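Student: Have a look at the structure that comes next, please.
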Amino acid sequence: MNLNEPHTRREALRRGGAAALGMSALGGVLSACGSAVKSATNASATGAGSSNDAIKVGVLFSLSGDLSIAEVPMANATQMAINEINAQGGIGGRHIEAIVEDYASDFGVVVQKARKLVNDDKVAAVIGCYASASRKAVLPVFEQGENVLLYPTFYEGLECSTNVIYTSLVANQHLTDTTSWMVEHAGKKIYMVGSNYVGPQTYNAIVTKLAEQKGASVVANRFFPLEQTDFGSALTAIGQAKPDLIWCTIVGAGLPAFYKQYHAAGFTPDKLPIFSGICTEQELGAMGGAIAKGHYFPASYFEKMSTSDNSSFVKRYKSQYGSQEPTNMPMQASYNSVYLLAAAIEKAGEATPKAILQAFPGVSHKPPGLEGVVTVQPNHHTTHQVFLGRANGEALYDVIAKFPERAPEPFPKSIVPASKIPSCPRRESA
Amino acid sequence: MLVQILAQGLSVGAVLALTALGLTIIYGVMGVVNLAHGEFVLLGAYGMVLLSGPLGPWLAILLTPLAVAAIGLALDRTLIRWLYHDPVKSMLGTFGLAIVIRQLVQIVEGPELRYVGLPISGAVPLGFGEQFAAWRVVLIGFAIVTTIAVALWLARSASGLKLRTTAADSEIAASLGMNVGRVNAVAFAVGTGLAGLAGALIAPLESVYPNMGVSYLVGAFLVVILAGLRNVRRALAWAAAVGLITAAIAVPFNDVLAQVVVWGVALLIVATRRQTLTVARV
């Protein structure tokens, strides 16, 4: 009975998620089974070791299922920062107690897990979520439960919840200088491809506007179903269109496949470079250095950044989680999120969600790899500097350009009319 | 552009043909609806991940389907044989088998995307000033040679005749002294081996990961249902047709529209046809 009951409920939730996101039905069932077992062990483990002194922090990522490829490293980096802070005596003498939950790549399960963390465990804050669909799904839980979510990955914006702190790039920071560089250095005829959902669509819309302002033209904007991994037809059309560059926001398993099929079709980056809004070092690893070499990606962090704190960060990560594991922007942002949270709790003087939220604007921390700090703004987003990376033969990015620090605009002027820009932060759920 | 659409259509059709042919043989002979078929494509792709390093890509492409067929044979003798001629039971059983295979692959090889290098890269000229990915040409070549060989084997050879006899009526075949068990095992091994070959051929173009099999099952199923479940030649023709229709819409317009049209056409054909999945025996 214990296994049956949550299984059927999850299954019902999964169907909703699957219809919306085109996730595979078979994969969904699989994930749901896995999560039932994992959460049971997690609950008993954390229940036994809790103390009244510790500050409870939820860590909410997909440790199983399709998204685990990207999210397990983020969970690892979060845990690494928590361990480091605890080793140094915690926050104001109080240790952080991480309550790790696996939402199993399932946007129904993520709501249940968020409810558990907020309502049952009564955590001070949660670090987690990756796909926009997971963040959107848990918004009401955090807004109604008056808790804090630190969302540690780059995203499309068009949101500024009162209860979320967005610790990585938002689209205007990620894309503005990149688009100018791309049009100036690679050409004015752009072919766009992307996965068919809100993130890539918003990214492509913003790049289109910015590129057109620079005198470039977008000859096509093609979207693919999320599960598609054969891009032969699109590459045939690209060969016909003869663009100067490809702007690519394909996500997931299709991303390395697109680069491989591009290479197989005889295209080369010296004549037709790919600029991706998505492709971190992790995806480069899945296509191999020979295929990755010569393509571009803008980010606020690269593994090859040459600061001494970054070489130490990379070394610590690899020694704990495997020498073959690359570091990337979402991991660094997850890691930095813990330090930002610690700074906010110290500033607030207490570890209640309400005090933390009030304390957050103005809190800053210097993450590994950067010379400057990342500062939380009144609109709950963070200041960032963006760098342009070009992939080398080792499937890592060399930093080839450095852009000035940019303030976050979750509702970018390029695609949102001035009259429609709301005051931030605001409640996002009804 | 027309030549490229044709080539791209054949490349899509080639993978569909290999997977649908296996699905058709398995359903035709044993009445097993193999929902684990995509996982044999998955095993073929991982075969390339594991073998193309030590053996080189070409030997790996030849050995991988044999290894997958051997796994298929072992599974048939231990598990699938209990599911013969019962579509519902076989769907439940193979659905479970699919989950087990995916999870085992994930436990052994991890959830991350795996990399298989391209045995030959670059494009080859198609004439008319057009060019096309060399590896896709190899893929199409393998698929054409293999499907013709299997079709001829079914039509002309003694063991092919046994297979067709068993497909027509396994009880009569058994009463004539045929070793039906062996015929069934051969059919399952050939069917899964074909899926393994498809997996090996697409691995250099794809991201290899534990959940990749599902979309191949869906594509193969579409073709098999359009072809009327048990007809090898029609399955091959429909595989080519679906590939060509997809490319003809996806190249000038986009893949979303191509999928909408292909599934719309499939729905119309299936809805207006009398025979359905539940009418198992012909």
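Identifiers in this document derive from the order of the structure tokens: chains are assigned A, B, ..., residues are numbered from 1 separately in each chain, and ligands are numbered from 1 in order of occurrence.
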Distance limit 6 Å, atoms considered: only C-alpha atoms. Which chain A residues sit that close to chain B? Return them as a list in words.
Tutor: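 That gives Ile69, Ser233, Ala234, Ala237, Ala253, Ala257, Lys260, Gln261, Ala264, Ala265, Gly266, Ala286 and Met287 of chain A for chain A.
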Student: Based on DSSP run over this structure's backbone, return all residues of range 343-429 of chain A in strand (DSSP E), as a PyMOL selection string.
Tutor: chain A and resi 364-365+374-375+387-391+397-402
Student: Just want the 9 Å neighbourhood of range 198-202 of chain A, counted on only C-alpha atoms, with same-chain residues fewer than 2 positions away dropped. Output as a tab-separated table (two decimals) with C-alpha atoms, in the first residue's frame.
Tutor:
```tsv
chain	number	residue	atom	x	y	z
A	131	ALA	CA	13.96	23.98	-16.15
A	132	SER	CA	11.62	26.99	-16.13
A	155	TYR	CA	16.77	31.83	-17.71
A	156	GLU	CA	14.49	33.82	-20.02
A	157	GLY	CA	13.06	36.29	-17.47
A	158	LEU	CA	9.53	37.74	-17.77
A	171	ALA	CA	18.13	37.02	-20.73
A	193	VAL	CA	17.00	27.11	-34.27
A	194	GLY	CA	15.58	26.19	-30.88
A	195	SER	CA	13.48	23.80	-28.81
A	196	ASN	CA	9.77	24.50	-28.92
A	204	ASN	CA	15.26	33.81	-29.90
A	205	ALA	CA	12.77	36.69	-29.85
A	206	ILE	CA	15.19	38.87	-27.87
A	207	VAL	CA	18.17	38.02	-30.08
A	223	PHE	CA	11.62	25.30	-33.45
A	248	CYS	CA	20.97	27.83	-31.39
A	249	THR	CA	18.71	27.35	-28.34
A	250	ILE	CA	18.13	23.62	-28.68
A	251	VAL	CA	18.18	22.02	-25.23
A	277	GLY	CA	22.41	30.31	-25.64
A	278	ILE	CA	22.35	26.94	-23.86
A	415	ILE	CA	10.55	42.72	-26.39
```
Student: Quick check, in Å to one decimal: how far apart do CA of Val141 in chain A and CA of Glu428 in chain A lie?
Tutor: 11.1 Å
Student: Nearest to Leu152 in chain B: which of B:Met91, B:Val232, B:Leu83, B:Leu59 is it, counting only C-alpha atoms?
Tutor: B:Val232
Student: Could you give me, as a PyMOL selection string, each residue of range 69-258 of chain B that DSSP assigns to alpha helix (DSSP H) when run on this structure's backbone?
Tutor: chain B and resi 69-78+87-109+134-156+158-168+170-175+180-202+213-226+232-250+255-258
Student: May I have the selected residues written with C-alpha atoms, as a CSV table (one decimal), in the first residue's frame?
Tutor:
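Final output, result-v4.csv:
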```csv
chain,number,residue,atom,x,y,z
B,69,ALA,CA,20.5,-10.4,-31.2
B,70,ALA,CA,22.1,-12.7,-28.7
B,71,ILE,CA,20.6,-10.7,-25.8
B,72,GLY,CA,17.2,-10.9,-27.7
B,73,LEU,CA,17.6,-14.6,-28.0
B,74,ALA,CA,18.3,-15.1,-24.3
B,75,LEU,CA,15.4,-12.9,-23.4
B,76,ASP,CA,13.1,-14.8,-25.7
B,77,ARG,CA,13.9,-18.1,-24.2
B,78,THR,CA,13.6,-16.9,-20.6
B,87,PRO,CA,-1.1,-8.9,-27.3
B,88,VAL,CA,-2.2,-7.5,-24.0
B,89,LYS,CA,0.0,-9.7,-21.9
B,90,SER,CA,3.0,-9.1,-24.3
B,91,MET,CA,2.5,-5.3,-24.1
B,92,LEU,CA,2.5,-5.4,-20.3
B,93,GLY,CA,5.5,-7.8,-20.2
B,94,THR,CA,7.6,-5.9,-22.7
B,95,PHE,CA,6.7,-2.5,-21.2
B,96,GLY,CA,8.2,-3.8,-17.9
B,97,LEU,CA,11.2,-5.3,-19.8
B,98,ALA,CA,11.8,-1.8,-21.3
B,99,ILE,CA,11.9,-0.2,-17.9
B,100,VAL,CA,14.3,-2.9,-16.6
B,101,ILE,CA,16.7,-2.5,-19.6
B,102,ARG,CA,16.7,1.3,-19.3
B,103,GLN,CA,17.4,1.2,-15.6
B,104,LEU,CA,20.1,-1.4,-16.0
B,105,VAL,CA,21.8,0.7,-18.6
B,106,GLN,CA,21.5,3.8,-16.4
B,107,ILE,CA,22.9,1.9,-13.4
B,108,VAL,CA,25.8,0.4,-15.4
B,109,GLU,CA,26.6,3.3,-17.7
B,134,ALA,CA,28.5,11.1,-45.8
B,135,TRP,CA,27.5,9.1,-42.7
B,136,ARG,CA,23.8,9.3,-43.6
B,137,VAL,CA,24.7,7.8,-47.0
B,138,VAL,CA,26.4,4.9,-45.2
B,139,LEU,CA,23.3,4.6,-42.9
B,140,ILE,CA,21.0,4.4,-46.0
B,141,GLY,CA,23.3,1.9,-47.6
B,142,PHE,CA,23.3,-0.4,-44.6
B,143,ALA,CA,19.6,-0.2,-44.2
B,144,ILE,CA,18.8,-1.0,-47.9
B,145,VAL,CA,21.2,-3.9,-48.0
B,146,THR,CA,20.0,-5.3,-44.7
B,147,THR,CA,16.3,-5.0,-45.3
B,148,ILE,CA,16.6,-6.5,-48.8
B,149,ALA,CA,18.6,-9.4,-47.4
B,150,VAL,CA,16.1,-10.0,-44.6
B,151,ALA,CA,13.1,-9.8,-47.1
B,152,LEU,CA,14.9,-12.2,-49.4
B,153,TRP,CA,15.7,-14.6,-46.5
B,154,LEU,CA,12.0,-14.6,-45.5
B,155,ALA,CA,10.8,-15.1,-49.1
B,156,ARG,CA,13.3,-17.6,-50.5
B,158,ALA,CA,14.0,-22.7,-46.0
B,159,SER,CA,14.2,-21.1,-42.6
B,160,GLY,CA,12.3,-18.1,-43.9
B,161,LEU,CA,9.6,-20.4,-45.1
B,162,LYS,CA,9.4,-22.0,-41.6
B,163,LEU,CA,9.1,-18.5,-40.1
B,164,ARG,CA,6.3,-17.6,-42.5
B,165,THR,CA,4.6,-20.9,-41.8
B,166,THR,CA,4.8,-20.3,-38.1
B,167,ALA,CA,3.5,-16.8,-38.6
B,168,ALA,CA,0.5,-18.1,-40.6
B,170,SER,CA,2.0,-21.9,-35.3
B,171,GLU,CA,-0.2,-24.8,-34.2
B,172,ILE,CA,-0.3,-26.3,-37.7
B,173,ALA,CA,3.4,-25.7,-38.1
B,174,ALA,CA,4.1,-27.6,-34.9
B,175,SER,CA,1.8,-30.4,-35.9
B,180,VAL,CA,8.2,-23.8,-33.4
B,181,GLY,CA,10.2,-22.8,-30.3
B,182,ARG,CA,13.4,-22.5,-32.4
B,183,VAL,CA,11.6,-20.6,-35.1
B,184,ASN,CA,10.2,-18.1,-32.6
B,185,ALA,CA,13.6,-17.7,-31.0
B,186,VAL,CA,15.2,-17.0,-34.4
B,187,ALA,CA,12.4,-14.5,-35.2
B,188,PHE,CA,13.0,-12.6,-31.9
B,189,ALA,CA,16.8,-12.6,-32.4
B,190,VAL,CA,16.5,-11.2,-36.0
B,191,GLY,CA,13.9,-8.6,-34.9
B,192,THR,CA,16.0,-7.3,-32.0
B,193,GLY,CA,19.2,-7.6,-34.0
B,194,LEU,CA,17.7,-5.2,-36.6
B,195,ALA,CA,16.9,-2.8,-33.9
B,196,GLY,CA,20.4,-3.2,-32.6
B,197,LEU,CA,21.8,-2.3,-36.1
B,198,ALA,CA,19.6,0.8,-36.2
B,199,GLY,CA,21.0,1.8,-32.8
B,200,ALA,CA,24.6,1.2,-33.9
B,201,LEU,CA,24.1,3.3,-37.1
B,202,ILE,CA,22.4,6.3,-35.5
B,213,GLY,CA,14.9,4.4,-27.1
B,214,VAL,CA,11.4,5.6,-26.6
B,215,SER,CA,11.2,7.8,-29.7
B,216,TYR,CA,12.4,5.0,-31.9
B,217,LEU,CA,9.6,2.7,-30.6
B,218,VAL,CA,7.1,5.5,-31.4
B,219,GLY,CA,8.3,5.9,-35.0
B,220,ALA,CA,8.5,2.1,-35.6
B,221,PHE,CA,5.0,1.6,-34.2
B,222,LEU,CA,3.6,4.3,-36.5
B,223,VAL,CA,5.0,2.5,-39.5
B,224,VAL,CA,3.9,-0.9,-38.4
B,225,ILE,CA,0.3,0.2,-37.8
B,226,LEU,CA,0.2,2.0,-41.1
B,232,VAL,CA,7.0,-6.9,-44.3
B,233,ARG,CA,6.9,-5.3,-47.7
B,234,ARG,CA,4.3,-2.8,-46.8
B,235,ALA,CA,6.2,-2.0,-43.6
B,236,LEU,CA,9.3,-1.2,-45.7
B,237,ALA,CA,7.3,0.9,-48.2
B,238,TRP,CA,5.6,2.9,-45.4
B,239,ALA,CA,8.9,3.5,-43.7
B,240,ALA,CA,10.2,5.1,-46.9
B,241,ALA,CA,7.0,7.0,-47.4
B,242,VAL,CA,6.9,8.4,-43.8
B,243,GLY,CA,10.6,9.4,-44.2
B,244,LEU,CA,10.0,11.1,-47.5
B,245,ILE,CA,6.8,12.9,-46.3
B,246,THR,CA,8.6,14.1,-43.2
B,247,ALA,CA,11.6,15.5,-45.2
B,248,ALA,CA,9.4,17.0,-47.9
B,249,ILE,CA,7.6,19.1,-45.2
B,250,ALA,CA,10.4,19.5,-42.7
B,255,ASP,CA,9.7,19.6,-38.2
B,256,VAL,CA,6.7,20.4,-36.0
B,257,LEU,CA,4.5,20.8,-39.1
B,258,ALA,CA,6.0,17.6,-40.5
```
Student: Within 6 Å of range 183-190 of chain A, counting only C-alpha atoms, which residues qualify if same-chain residues fewer than 5 places away don't, as a short mmCIF file (atom, residue, chain, number, x, y, z; two decimals) with C-alpha atoms, in the first residue's frame?
Tutor:
```cif
data_model
loop_
_atom_site.label_atom_id
_atom_site.label_comp_id
_atom_site.auth_asym_id
_atom_site.auth_seq_id
_atom_site.Cartn_x
_atom_site.Cartn_y
_atom_site.Cartn_z
CA ALA A 216 21.34 42.04 -39.11
CA SER A 217 18.58 39.90 -40.56
CA VAL A 218 17.14 36.65 -39.23
CA VAL A 219 16.46 34.46 -42.26
CA PRO A 243 23.59 32.09 -43.46
CA ASP A 244 26.67 33.66 -41.81
CA LEU A 245 25.97 32.09 -38.41
CA ILE A 246 23.56 29.85 -36.52
#
```
Student: Show me, as a PDB file with N, CA and C atoms, in the first residue's frame, the residues that have an atom within 10 Å of Arg273 in chain B when counting only C-alpha atoms, minus same-chain residues fewer than 4 positions from it.
Tutor:
```pdb
ATOM      1  N   LEU B 226       0.550   1.568 -39.763  1.00  0.00           N
ATOM      2  CA  LEU B 226       0.173   1.981 -41.112  1.00  0.00           C
ATOM      3  C   LEU B 226       0.246   0.800 -42.079  1.00  0.00           C
ATOM      4  N   GLY B 228      -0.270  -2.260 -41.450  1.00  0.00           N
ATOM      5  CA  GLY B 228      -1.210  -3.331 -41.160  1.00  0.00           C
ATOM      6  C   GLY B 228      -0.590  -4.454 -40.357  1.00  0.00           C
ATOM      7  N   LEU B 267      -3.559   8.946 -38.478  1.00  0.00           N
ATOM      8  CA  LEU B 267      -4.828   8.874 -37.769  1.00  0.00           C
ATOM      9  C   LEU B 267      -5.979   8.623 -38.742  1.00  0.00           C
ATOM     10  N   LEU B 268      -5.971   9.358 -39.861  1.00  0.00           N
ATOM     11  CA  LEU B 268      -7.008   9.187 -40.876  1.00  0.00           C
ATOM     12  C   LEU B 268      -7.025   7.760 -41.407  1.00  0.00           C
ATOM     13  N   ILE B 269      -5.837   7.244 -41.726  1.00  0.00           N
ATOM     14  CA  ILE B 269      -5.754   5.911 -42.314  1.00  0.00           C
ATOM     15  C   ILE B 269      -6.222   4.847 -41.323  1.00  0.00           C
TER      16      ILE B 269
END
```
Student: Between CA of Leu63 in chain A and CA of Ala104 in chain A, what is the distance, to one decimal in Å?
Tutor: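 If I compute the distance from CA of Leu63 in chain A to CA of Ala104 in chain A, I get 6.0 Å.
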Student: I'd like the contact shell of range 114-125 of chain A - 7 Å cut-off, only C-alpha atoms, skipping same-chain residues fewer than 2 positions apart - returned as a list in words.
Tutor: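 Answer for this query is Ile55, Lys56, Val57, Gly58, Val110, Val111, Gln112, Ile127, Val138, Val141, Gly145, Asn147, Val148, Leu149, Ala351, Thr352 and Pro353 of chain A.
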Student: Could you write those residues out with C-alpha atoms, as a PDB file, in the first residue's frame?
Tutor:
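Generated output (selection06.pdb):
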```
ATOM      1  CA  ILE A  55      19.590  26.185   9.833  1.00  0.00           C
ATOM      2  CA  LYS A  56      17.515  23.973   7.549  1.00  0.00           C
ATOM      3  CA  VAL A  57      18.067  24.578   3.834  1.00  0.00           C
ATOM      4  CA  GLY A  58      16.238  22.616   1.141  1.00  0.00           C
ATOM      5  CA  VAL A 110       8.570  19.039  -7.750  1.00  0.00           C
ATOM      6  CA  VAL A 111       5.448  20.645  -6.253  1.00  0.00           C
ATOM      7  CA  GLN A 112       5.059  17.871  -3.670  1.00  0.00           C
ATOM      8  CA  ILE A 127      18.127  26.214  -3.442  1.00  0.00           C
ATOM      9  CA  VAL A 138       6.662  25.695  -7.384  1.00  0.00           C
ATOM     10  CA  VAL A 141       4.238  26.992  -2.938  1.00  0.00           C
ATOM     11  CA  GLY A 145       4.148  29.495   2.115  1.00  0.00           C
ATOM     12  CA  ASN A 147       9.403  30.998   1.836  1.00  0.00           C
ATOM     13  CA  VAL A 148      12.488  31.682  -0.313  1.00  0.00           C
ATOM     14  CA  LEU A 149      13.653  29.911  -3.480  1.00  0.00           C
ATOM     15  CA  ALA A 351      17.160  32.562   9.706  1.00  0.00           C
ATOM     16  CA  THR A 352      13.470  33.069   9.027  1.00  0.00           C
ATOM     17  CA  PRO A 353      12.308  33.248   5.405  1.00  0.00           C
TER      18      PRO A 353
END
```
Student: Applying 6 Å and only C-alpha atoms, which residues near range 360-366 of chain A remain after dropping the ones on its own chain fewer than 3 positions away? List them as number ranges by chain.
Tutor: A: 340, 344, 357, 373-378
Student: Limited to N, CA and C atoms, could you put the picked residues into a file as a compact mmCIF listing (two decimals), in the first residue's frame?
Tutor:
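File selection.txt, as written:
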```txt
# COMPACT_ATOMS: atom_id res chain seq x y z
N LEU A 340 25.54 33.41 -1.03
CA LEU A 340 24.65 34.57 -1.00
C LEU A 340 23.61 34.40 0.12
N ALA A 344 22.98 36.71 3.38
CA ALA A 344 21.67 37.30 3.68
C ALA A 344 21.25 36.97 5.10
N LEU A 357 14.33 37.31 3.10
CA LEU A 357 13.86 38.00 1.90
C LEU A 357 14.10 39.51 2.01
N VAL A 373 32.00 41.10 -7.69
CA VAL A 373 30.99 40.37 -6.92
C VAL A 373 29.68 40.27 -7.69
N VAL A 374 28.86 39.36 -7.26
CA VAL A 374 27.48 39.24 -7.74
C VAL A 374 26.60 39.85 -6.65
N THR A 375 25.77 40.84 -7.03
CA THR A 375 24.96 41.55 -6.03
C THR A 375 23.48 41.37 -6.31
N VAL A 376 22.72 41.06 -5.26
CA VAL A 376 21.27 40.91 -5.43
C VAL A 376 20.64 42.30 -5.54
N GLN A 377 19.84 42.51 -6.57
CA GLN A 377 19.20 43.79 -6.84
C GLN A 377 17.80 43.83 -6.21
N PRO A 378 17.23 45.04 -6.09
CA PRO A 378 15.86 45.13 -5.53
C PRO A 378 14.84 44.32 -6.34
```
Student: Rounded to one decimal in Å, what is the spacing between CA of Glu227 in chain A and CA of Ala14 in chain B?
Tutor: 19.4 Å
Student: Tell me which of A:Ile91, A:Ala75, A:Ala395, A:Met192 sits closest to Gly349 in chain A, counting only C-alpha atoms.
Tutor: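 Of A:Ile91, A:Ala75, A:Ala395, A:Met192, the one nearest Gly349 in chain A is A:Ile91, counting only C-alpha atoms.
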